[in-house]
Every structure is written in structure tokens, then in C-alpha cells.
Amino acid sequence: MKSADTMKPIKVLLVDDHEMVRIGLSAMLATEEDVEIVGEAASGEEALALAEAFRPDVVLMDLVMAGMDGIETTRRLVRLLPDCKVIVLTSYVDDEKVYPAMEAGAFGYLLKTSRAADITRAIRNAAEGRPTLEPQVATKMISRFRRFGETPPHEELTEREREVLRLVAKGKSNRDIAEELGIGIKTVKFHLSNIFAKLGVEDRTQAVVYAFRHGLVDE
């Protein structure tokens with residue numbers, strides 16, 4: 001593992017139309033050696049301009065803002081910077097906010113009542129491709145399938161495919177997975193191909209996001 005001195009800091013953009021919220025978040029994150037605040041935006045329009053200029057790794061996004069709201073800003077931002085991870089940080093956990101935000105491309109969803117340690121952990125997780133969801137949100141995402149009588153795609157996964165997916169979510173390489181499960185690398189790739197097809201995703205990152213959103217792996 002790299003030391004804090006050699007690690008590249010995680011570039012974070014704060015987006016919230018309340019100045020005191022931005023000040024509080026900035027002060028909190030300033031104590032973290034591996035986090036760098038590259039900008040603060042008070043509106044969606046300003047957020048997009050700063051994101052294009054500073055290309056942050058992670059964005060903490062408020063949802064309710066005058067003008068362009070956080071959902072539309074998230075949608076445009078992930079199109080502008082596909083590798084950027086947007087973590088919603090809001091006071092709302094109702095269906096009208098949660099589902100549109102996740103469908104817009106949010107990578108994580110936290111409440112403003114979250115502990116400082118939870119927010120910093122979510123930022124680090126996002127930078128490593130590991131989403132973090134407020135427990136209420138994770139529950140909503142799972143129950144949504146049941147509410148409409150749909151079968152979640154992951155229920156089609158075999159037990160071996162679930163094992164492979166859990167290891168991928170832990171950041172294991174194909175070689176690591178092969179060694180841990182006692183199978184060949186080609187077999188791992190075969191399982192991954194099946195996993196991507198069944199979940200309707202295109203790559204490992206999207207598969208990991210799916211796994212965390214649906215509670216298939218532990219945080």
C-alpha cells in the first residue's frame with residue numbers, strides 16, 4: 001500500500017448553495033491529508049464550469065438548488081467527466097429524489113446528518129471505485145424491483161458468479177480471483193463475461209456499483 005506521502009490526493013469539488021455547508025465541509029476535509037478541495041460551487045452551472053476546469057475525482061453534490069438542481073447537474077457532469085464520481089449529500093431520502101439521482105449517474109448517496117468519518121470514507125471509497133449508499137437508499141433500490149414485480153438481474157447469477165463478483169468488488173485482480181478460487185484465469189474471464197451480460201453492465205466498475213447498490217457485498 002502506498003504511503004500518504006506518495007499517494008496522489010483525491011481532488012474533491014463541493015457543490016451546495018448554502019455557504020455555511022460548504023465552509024463546514026471544507027474545514028472538515030482540510031484535515032485529511034489525502035483529500036484536496038479543488039473548488040466550491042453554489043449552483044449547478046458553476047459546478048459544471050469548475051468541474052471542466054479542475055477535473056475532480058469526486059464531487060459532493062447537493063440536490064436542491066436554485067436554477068439547475070443537483071439531479072440535472074449530476075446527469076450533465078457524468079457525461080462531461082465519465083470517470084468523476086458524484087456523491088449526493090442531501091437532507092432528502094424520498095423516492096422523488098433518490099431514484100432520479102441514481103438514474104442520473106450518482107455513484108453514492110449520503111445524508112447531511114452523516115458523520116464526518118462516514119463522508120470521508122465515502123470519498124475514499126468512491127476514488128477506489130467503491131460506492132457508498134445510505135442504508136435507507138440501498139433498501140429502496142432493492143425494494144423497487146419487488147414493488148413492480150420485477151426479478152432483480154442478480155438473481156440469475158450462479159453461486160460461483162456471485163463469488164467472483166464479491167471478489168471483484170473487493171478490488172481483486174483476475175489473477176487474485178483465480179488463485180483464491182482455485183480456477184484458471186480464463187475461467188475467471190468467462191465468469192465475468194456472464195456476470196456483465198446478466199447484470200446488463202459493460203465493465204468491472206459498473207458491476208461493482210451494481211453489487212454495492214443491491215447489497216451483494218459487505219461495505
# chains A, B, ... in the order shown; residues from 1 in each chain; ligands from 1
>>> residues_around(residues="Val201 (chain A)", least_positions_apart="5", cutoff="12 Å", atoms="only C-alpha atoms", output="ChimeraX atom specification")
/A:153-154,192-196,206-211
>>> write_last_selection(atoms="N, CA and C atoms", output="tab-separated table (two decimals), in the first residue's frame")
chain	number	residue	atom	x	y	z
A	153	PRO	N	-31.88	-8.62	-11.74
A	153	PRO	CA	-30.99	-9.38	-12.63
A	153	PRO	C	-30.00	-10.27	-11.88
A	154	HIS	N	-29.54	-9.82	-10.68
A	154	HIS	CA	-28.51	-10.59	-9.99
A	154	HIS	C	-29.03	-11.94	-9.49
A	192	LEU	N	-16.78	-13.56	-15.60
A	192	LEU	CA	-17.00	-12.11	-15.66
A	192	LEU	C	-17.87	-11.74	-16.86
A	193	SER	N	-17.62	-12.40	-17.98
A	193	SER	CA	-18.42	-12.15	-19.18
A	193	SER	C	-19.89	-12.46	-18.92
A	194	ASN	N	-20.13	-13.57	-18.23
A	194	ASN	CA	-21.50	-13.94	-17.89
A	194	ASN	C	-22.13	-12.95	-16.92
A	195	ILE	N	-21.34	-12.52	-15.95
A	195	ILE	CA	-21.83	-11.56	-14.95
A	195	ILE	C	-22.24	-10.26	-15.63
A	196	PHE	N	-21.37	-9.74	-16.50
A	196	PHE	CA	-21.67	-8.48	-17.20
A	196	PHE	C	-22.97	-8.61	-18.02
A	206	GLN	N	-18.89	-0.88	-13.37
A	206	GLN	CA	-20.35	-0.90	-13.34
A	206	GLN	C	-20.87	-2.11	-12.57
A	207	ALA	N	-20.16	-3.23	-12.66
A	207	ALA	CA	-20.57	-4.43	-11.93
A	207	ALA	C	-20.43	-4.21	-10.43
A	208	VAL	N	-19.35	-3.54	-10.03
A	208	VAL	CA	-19.13	-3.25	-8.61
A	208	VAL	C	-20.20	-2.31	-8.09
A	209	VAL	N	-20.50	-1.28	-8.87
A	209	VAL	CA	-21.55	-0.34	-8.48
A	209	VAL	C	-22.86	-1.09	-8.27
A	210	TYR	N	-23.20	-1.96	-9.20
A	210	TYR	CA	-24.43	-2.75	-9.10
A	210	TYR	C	-24.40	-3.59	-7.82
A	211	ALA	N	-23.27	-4.23	-7.56
A	211	ALA	CA	-23.16	-5.12	-6.40
A	211	ALA	C	-23.40	-4.37	-5.10
>>> residues_around(residues="Gly215 (chain A)", least_positions_apart="4", cutoff="12 Å", atoms="only C-alpha atoms", output="PyMOL selection string")
chain A and resi 131-143+152+154+162+165-166+169+208-211+219
>>> atom_distance(atom1="CA of Val88 (chain A)", atom2="CA of Gly108 (chain A)")
6.0 Å
>>> closest_atom_pairs(of="region 115-210 of chain A", to="region 62-84 of chain A", cutoff="12 Å", atoms="only C-alpha atoms", output="Markdown table")
| residue | atom | partner | partner_atom | distance |
| --- | --- | --- | --- | --- |
| A:Ile123 | CA | A:Cys84 | CA | 11.4 |
| A:Ala126 | CA | A:Cys84 | CA | 9.0 |
| A:Ala127 | CA | A:Cys84 | CA | 8.6 |
| A:Glu128 | CA | A:Asp83 | CA | 11.2 |
| A:Gly129 | CA | A:Asp83 | CA | 9.6 |
| A:Thr205 | CA | A:Asp83 | CA | 10.2 |
| A:Gln206 | CA | A:Asp83 | CA | 11.5 |
>>> closest_residue(among="A:Ala197, A:Asp34, A:Met28, A:Val58", to="Val15 (chain A)", atoms="only C-alpha atoms")
A:Val58
>>> atom_distance(atom1="CA of Pro9 (chain A)", atom2="CA of Glu33 (chain A)")
7.4 Å
>>> closest_residue(among="A:Val12, A:Leu167, A:Val21, A:Leu29", to="Asp118 (chain A)", atoms="only C-alpha atoms")
A:Leu29
>>> select_by_dssp(residues="region 8-200 of chain A", states="alpha helix (DSSP H)", output="PDB file with C-alpha atoms, in the first residue's frame")
ATOM      1  CA  GLU A  19     -22.303  28.829   2.070  1.00  0.00           C
ATOM      2  CA  MET A  20     -22.176  27.526   5.644  1.00  0.00           C
ATOM      3  CA  VAL A  21     -22.474  23.945   4.426  1.00  0.00           C
ATOM      4  CA  ARG A  22     -19.554  24.461   2.038  1.00  0.00           C
ATOM      5  CA  ILE A  23     -17.495  26.111   4.777  1.00  0.00           C
ATOM      6  CA  GLY A  24     -18.185  23.228   7.154  1.00  0.00           C
ATOM      7  CA  LEU A  25     -17.324  20.554   4.610  1.00  0.00           C
ATOM      8  CA  SER A  26     -14.208  22.390   3.510  1.00  0.00           C
ATOM      9  CA  ALA A  27     -12.984  22.770   7.095  1.00  0.00           C
ATOM     10  CA  MET A  28     -13.671  19.123   7.821  1.00  0.00           C
ATOM     11  CA  LEU A  29     -11.906  17.810   4.720  1.00  0.00           C
ATOM     12  CA  GLY A  44     -25.222  23.628 -10.864  1.00  0.00           C
ATOM     13  CA  GLU A  45     -23.971  25.925 -13.590  1.00  0.00           C
ATOM     14  CA  GLU A  46     -20.936  26.897 -11.530  1.00  0.00           C
ATOM     15  CA  ALA A  47     -20.304  23.257 -10.676  1.00  0.00           C
ATOM     16  CA  LEU A  48     -20.081  22.251 -14.342  1.00  0.00           C
ATOM     17  CA  ALA A  49     -17.681  25.094 -15.107  1.00  0.00           C
ATOM     18  CA  LEU A  50     -15.416  24.220 -12.168  1.00  0.00           C
ATOM     19  CA  ALA A  51     -15.571  20.508 -12.963  1.00  0.00           C
ATOM     20  CA  GLU A  52     -14.417  21.151 -16.515  1.00  0.00           C
ATOM     21  CA  ALA A  53     -11.604  23.383 -15.270  1.00  0.00           C
ATOM     22  CA  PHE A  54     -10.308  21.235 -12.376  1.00  0.00           C
ATOM     23  CA  GLY A  70     -28.370  18.553  -8.322  1.00  0.00           C
ATOM     24  CA  ILE A  71     -30.013  15.800 -10.343  1.00  0.00           C
ATOM     25  CA  GLU A  72     -29.622  17.584 -13.676  1.00  0.00           C
ATOM     26  CA  THR A  73     -26.153  18.759 -12.678  1.00  0.00           C
ATOM     27  CA  THR A  74     -25.178  15.165 -11.912  1.00  0.00           C
ATOM     28  CA  ARG A  75     -26.529  13.984 -15.262  1.00  0.00           C
ATOM     29  CA  ARG A  76     -24.504  16.581 -17.157  1.00  0.00           C
ATOM     30  CA  LEU A  77     -21.407  16.183 -15.038  1.00  0.00           C
ATOM     31  CA  VAL A  78     -21.056  12.428 -15.556  1.00  0.00           C
ATOM     32  CA  ARG A  79     -21.408  12.984 -19.285  1.00  0.00           C
ATOM     33  CA  LEU A  80     -18.730  15.662 -19.140  1.00  0.00           C
ATOM     34  CA  ASP A  95     -38.393   8.426  -3.749  1.00  0.00           C
ATOM     35  CA  GLU A  96     -38.680  11.606  -5.831  1.00  0.00           C
ATOM     36  CA  LYS A  97     -35.038  12.404  -5.066  1.00  0.00           C
ATOM     37  CA  VAL A  98     -33.356   9.023  -4.644  1.00  0.00           C
ATOM     38  CA  TYR A  99     -34.361   7.273  -7.867  1.00  0.00           C
ATOM     39  CA  PRO A 100     -33.799  10.214 -10.243  1.00  0.00           C
ATOM     40  CA  ALA A 101     -30.423  10.932  -8.633  1.00  0.00           C
ATOM     41  CA  MET A 102     -29.227   7.354  -9.020  1.00  0.00           C
ATOM     42  CA  GLU A 103     -30.581   7.153 -12.565  1.00  0.00           C
ATOM     43  CA  ALA A 104     -28.752  10.404 -13.382  1.00  0.00           C
ATOM     44  CA  ALA A 116     -17.719  13.273   9.233  1.00  0.00           C
ATOM     45  CA  ALA A 117     -15.915   9.921   9.233  1.00  0.00           C
ATOM     46  CA  ASP A 118     -18.628   8.415   7.014  1.00  0.00           C
ATOM     47  CA  ILE A 119     -18.320  11.228   4.481  1.00  0.00           C
ATOM     48  CA  THR A 120     -14.540  10.988   4.254  1.00  0.00           C
ATOM     49  CA  ARG A 121     -14.785   7.211   3.983  1.00  0.00           C
ATOM     50  CA  ALA A 122     -17.307   7.568   1.152  1.00  0.00           C
ATOM     51  CA  ILE A 123     -14.923   9.902  -0.691  1.00  0.00           C
ATOM     52  CA  ARG A 124     -12.067   7.417  -0.406  1.00  0.00           C
ATOM     53  CA  ASN A 125     -14.328   4.544  -1.423  1.00  0.00           C
ATOM     54  CA  ALA A 126     -15.535   6.467  -4.475  1.00  0.00           C
ATOM     55  CA  ALA A 127     -11.973   7.230  -5.535  1.00  0.00           C
ATOM     56  CA  PRO A 135     -28.784   2.235   4.256  1.00  0.00           C
ATOM     57  CA  GLN A 136     -32.278   3.627   3.592  1.00  0.00           C
ATOM     58  CA  VAL A 137     -31.312   4.236  -0.029  1.00  0.00           C
ATOM     59  CA  ALA A 138     -29.865   0.743  -0.504  1.00  0.00           C
ATOM     60  CA  THR A 139     -33.115  -0.681   0.851  1.00  0.00           C
ATOM     61  CA  LYS A 140     -35.153   1.460  -1.536  1.00  0.00           C
ATOM     62  CA  MET A 141     -33.139   0.330  -4.537  1.00  0.00           C
ATOM     63  CA  ILE A 142     -33.707  -3.328  -3.681  1.00  0.00           C
ATOM     64  CA  SER A 143     -37.394  -2.963  -2.817  1.00  0.00           C
ATOM     65  CA  ARG A 144     -38.042  -1.078  -6.047  1.00  0.00           C
ATOM     66  CA  PHE A 145     -37.675  -4.287  -8.038  1.00  0.00           C
ATOM     67  CA  ARG A 146     -40.092  -6.101  -5.759  1.00  0.00           C
ATOM     68  CA  ARG A 147     -42.628  -3.283  -5.807  1.00  0.00           C
ATOM     69  CA  GLU A 159     -23.167 -19.108  -6.756  1.00  0.00           C
ATOM     70  CA  ARG A 160     -19.738 -19.146  -8.441  1.00  0.00           C
ATOM     71  CA  GLU A 161     -20.545 -15.956 -10.326  1.00  0.00           C
ATOM     72  CA  ARG A 162     -21.589 -14.341  -7.042  1.00  0.00           C
ATOM     73  CA  GLU A 163     -18.255 -15.368  -5.514  1.00  0.00           C
ATOM     74  CA  VAL A 164     -16.388 -13.823  -8.428  1.00  0.00           C
ATOM     75  CA  LEU A 165     -18.448 -10.633  -8.202  1.00  0.00           C
ATOM     76  CA  ARG A 166     -17.784 -10.310  -4.456  1.00  0.00           C
ATOM     77  CA  LEU A 167     -14.048 -10.635  -5.052  1.00  0.00           C
ATOM     78  CA  VAL A 168     -14.141  -8.093  -7.884  1.00  0.00           C
ATOM     79  CA  ALA A 169     -15.916  -5.696  -5.514  1.00  0.00           C
ATOM     80  CA  ASN A 174      -8.343 -11.720 -12.233  1.00  0.00           C
ATOM     81  CA  ARG A 175      -5.153 -13.473 -11.102  1.00  0.00           C
ATOM     82  CA  ASP A 176      -6.027 -12.958  -7.428  1.00  0.00           C
ATOM     83  CA  ILE A 177      -9.531 -14.355  -8.007  1.00  0.00           C
ATOM     84  CA  ALA A 178      -8.165 -17.355  -9.885  1.00  0.00           C
ATOM     85  CA  GLU A 179      -5.760 -18.175  -7.053  1.00  0.00           C
ATOM     86  CA  GLU A 180      -8.354 -17.710  -4.308  1.00  0.00           C
ATOM     87  CA  LEU A 181     -10.986 -19.860  -6.019  1.00  0.00           C
ATOM     88  CA  ILE A 185      -7.715 -17.014 -15.311  1.00  0.00           C
ATOM     89  CA  LYS A 186      -9.621 -17.896 -18.488  1.00  0.00           C
ATOM     90  CA  THR A 187     -12.391 -19.315 -16.309  1.00  0.00           C
ATOM     91  CA  VAL A 188     -12.472 -16.083 -14.302  1.00  0.00           C
ATOM     92  CA  LYS A 189     -12.841 -14.107 -17.529  1.00  0.00           C
ATOM     93  CA  PHE A 190     -15.632 -16.451 -18.630  1.00  0.00           C
ATOM     94  CA  HIS A 191     -17.494 -15.866 -15.357  1.00  0.00           C
ATOM     95  CA  LEU A 192     -17.001 -12.105 -15.664  1.00  0.00           C
ATOM     96  CA  SER A 193     -18.416 -12.145 -19.178  1.00  0.00           C
ATOM     97  CA  ASN A 194     -21.502 -13.944 -17.891  1.00  0.00           C
ATOM     98  CA  ILE A 195     -21.830 -11.556 -14.952  1.00  0.00           C
ATOM     99  CA  PHE A 196     -21.675  -8.478 -17.204  1.00  0.00           C
ATOM    100  CA  ALA A 197     -24.275  -9.955 -19.552  1.00  0.00           C
ATOM    101  CA  LYS A 198     -26.701 -10.958 -16.792  1.00  0.00           C
ATOM    102  CA  LEU A 199     -26.434  -7.648 -14.911  1.00  0.00           C
TER     103      LEU A 199
END
>>> select_by_dssp(residues="chain A", states="strand (DSSP E or B)", output="MDAnalysis selection string")
chainID A and resid 10:15 35:41 58:61 85:90 108:111 133
>>> write_last_selection(atoms="N, CA and C atoms", output="PDB file, in the first residue's frame")
ATOM      1  N   ILE A  10      -6.918  13.005  -3.475  1.00  0.00           N
ATOM      2  CA  ILE A  10      -8.210  12.885  -4.148  1.00  0.00           C
ATOM      3  C   ILE A  10      -8.769  14.284  -4.346  1.00  0.00           C
ATOM      4  N   LYS A  11      -8.966  14.672  -5.583  1.00  0.00           N
ATOM      5  CA  LYS A  11      -9.479  16.013  -5.871  1.00  0.00           C
ATOM      6  C   LYS A  11     -10.993  16.034  -5.709  1.00  0.00           C
ATOM      7  N   VAL A  12     -11.464  16.931  -4.831  1.00  0.00           N
ATOM      8  CA  VAL A  12     -12.886  16.975  -4.500  1.00  0.00           C
ATOM      9  C   VAL A  12     -13.474  18.353  -4.808  1.00  0.00           C
ATOM     10  N   LEU A  13     -14.653  18.334  -5.411  1.00  0.00           N
ATOM     11  CA  LEU A  13     -15.399  19.562  -5.676  1.00  0.00           C
ATOM     12  C   LEU A  13     -16.650  19.554  -4.800  1.00  0.00           C
ATOM     13  N   LEU A  14     -16.884  20.654  -4.087  1.00  0.00           N
ATOM     14  CA  LEU A  14     -18.052  20.785  -3.223  1.00  0.00           C
ATOM     15  C   LEU A  14     -19.127  21.584  -3.946  1.00  0.00           C
ATOM     16  N   VAL A  15     -20.348  21.056  -3.968  1.00  0.00           N
ATOM     17  CA  VAL A  15     -21.456  21.748  -4.640  1.00  0.00           C
ATOM     18  C   VAL A  15     -22.629  21.857  -3.673  1.00  0.00           C
ATOM     19  N   VAL A  35      -6.922  14.285   0.776  1.00  0.00           N
ATOM     20  CA  VAL A  35      -8.034  14.952   0.097  1.00  0.00           C
ATOM     21  C   VAL A  35      -7.668  16.400  -0.206  1.00  0.00           C
ATOM     22  N   GLU A  36      -7.952  16.828  -1.424  1.00  0.00           N
ATOM     23  CA  GLU A  36      -7.688  18.209  -1.831  1.00  0.00           C
ATOM     24  C   GLU A  36      -8.971  18.840  -2.379  1.00  0.00           C
ATOM     25  N   ILE A  37      -9.423  19.927  -1.743  1.00  0.00           N
ATOM     26  CA  ILE A  37     -10.599  20.640  -2.238  1.00  0.00           C
ATOM     27  C   ILE A  37     -10.153  21.516  -3.407  1.00  0.00           C
ATOM     28  N   VAL A  38     -10.646  21.213  -4.605  1.00  0.00           N
ATOM     29  CA  VAL A  38     -10.219  21.969  -5.786  1.00  0.00           C
ATOM     30  C   VAL A  38     -11.189  23.080  -6.148  1.00  0.00           C
ATOM     31  N   GLY A  39     -12.363  23.087  -5.520  1.00  0.00           N
ATOM     32  CA  GLY A  39     -13.314  24.147  -5.827  1.00  0.00           C
ATOM     33  C   GLY A  39     -14.592  24.010  -5.031  1.00  0.00           C
ATOM     34  N   GLU A  40     -15.338  25.128  -4.935  1.00  0.00           N
ATOM     35  CA  GLU A  40     -16.628  25.148  -4.262  1.00  0.00           C
ATOM     36  C   GLU A  40     -17.616  25.871  -5.169  1.00  0.00           C
ATOM     37  N   ALA A  41     -18.746  25.228  -5.414  1.00  0.00           N
ATOM     38  CA  ALA A  41     -19.753  25.806  -6.309  1.00  0.00           C
ATOM     39  C   ALA A  41     -21.065  25.999  -5.562  1.00  0.00           C
ATOM     40  N   VAL A  58     -13.878  13.346  -7.283  1.00  0.00           N
ATOM     41  CA  VAL A  58     -15.133  13.138  -6.559  1.00  0.00           C
ATOM     42  C   VAL A  58     -15.849  14.476  -6.399  1.00  0.00           C
ATOM     43  N   VAL A  59     -17.164  14.449  -6.519  1.00  0.00           N
ATOM     44  CA  VAL A  59     -17.975  15.647  -6.304  1.00  0.00           C
ATOM     45  C   VAL A  59     -19.004  15.351  -5.217  1.00  0.00           C
ATOM     46  N   LEU A  60     -19.060  16.211  -4.199  1.00  0.00           N
ATOM     47  CA  LEU A  60     -20.123  16.116  -3.198  1.00  0.00           C
ATOM     48  C   LEU A  60     -21.239  17.033  -3.677  1.00  0.00           C
ATOM     49  N   MET A  61     -22.396  16.460  -3.981  1.00  0.00           N
ATOM     50  CA  MET A  61     -23.453  17.178  -4.681  1.00  0.00           C
ATOM     51  C   MET A  61     -24.723  17.354  -3.848  1.00  0.00           C
ATOM     52  N   LYS A  85     -16.706  10.671  -9.898  1.00  0.00           N
ATOM     53  CA  LYS A  85     -17.717  10.028  -9.069  1.00  0.00           C
ATOM     54  C   LYS A  85     -18.506  11.091  -8.297  1.00  0.00           C
ATOM     55  N   VAL A  86     -19.809  11.100  -8.475  1.00  0.00           N
ATOM     56  CA  VAL A  86     -20.681  12.058  -7.786  1.00  0.00           C
ATOM     57  C   VAL A  86     -21.321  11.392  -6.573  1.00  0.00           C
ATOM     58  N   ILE A  87     -21.077  11.971  -5.412  1.00  0.00           N
ATOM     59  CA  ILE A  87     -21.719  11.506  -4.181  1.00  0.00           C
ATOM     60  C   ILE A  87     -22.770  12.525  -3.784  1.00  0.00           C
ATOM     61  N   VAL A  88     -24.010  12.117  -3.793  1.00  0.00           N
ATOM     62  CA  VAL A  88     -25.085  13.011  -3.356  1.00  0.00           C
ATOM     63  C   VAL A  88     -24.982  13.188  -1.843  1.00  0.00           C
ATOM     64  N   LEU A  89     -25.050  14.435  -1.400  1.00  0.00           N
ATOM     65  CA  LEU A  89     -25.048  14.743   0.031  1.00  0.00           C
ATOM     66  C   LEU A  89     -26.230  15.669   0.261  1.00  0.00           C
ATOM     67  N   THR A  90     -27.302  15.124   0.820  1.00  0.00           N
ATOM     68  CA  THR A  90     -28.563  15.846   0.860  1.00  0.00           C
ATOM     69  C   THR A  90     -29.303  15.596   2.169  1.00  0.00           C
ATOM     70  N   GLY A 108     -22.856   7.583  -5.267  1.00  0.00           N
ATOM     71  CA  GLY A 108     -23.110   7.346  -3.854  1.00  0.00           C
ATOM     72  C   GLY A 108     -24.214   8.261  -3.379  1.00  0.00           C
ATOM     73  N   TYR A 109     -24.757   7.971  -2.211  1.00  0.00           N
ATOM     74  CA  TYR A 109     -25.874   8.779  -1.703  1.00  0.00           C
ATOM     75  C   TYR A 109     -25.789   8.799  -0.180  1.00  0.00           C
ATOM     76  N   LEU A 110     -25.549   9.985   0.388  1.00  0.00           N
ATOM     77  CA  LEU A 110     -25.447  10.159   1.836  1.00  0.00           C
ATOM     78  C   LEU A 110     -26.358  11.289   2.298  1.00  0.00           C
ATOM     79  N   LEU A 111     -26.703  11.262   3.564  1.00  0.00           N
ATOM     80  CA  LEU A 111     -27.479  12.337   4.156  1.00  0.00           C
ATOM     81  C   LEU A 111     -26.555  13.324   4.854  1.00  0.00           C
ATOM     82  N   LEU A 133     -23.765   3.866  -0.086  1.00  0.00           N
ATOM     83  CA  LEU A 133     -25.160   4.268  -0.069  1.00  0.00           C
ATOM     84  C   LEU A 133     -25.679   4.328   1.358  1.00  0.00           C
TER      85      LEU A 133
END
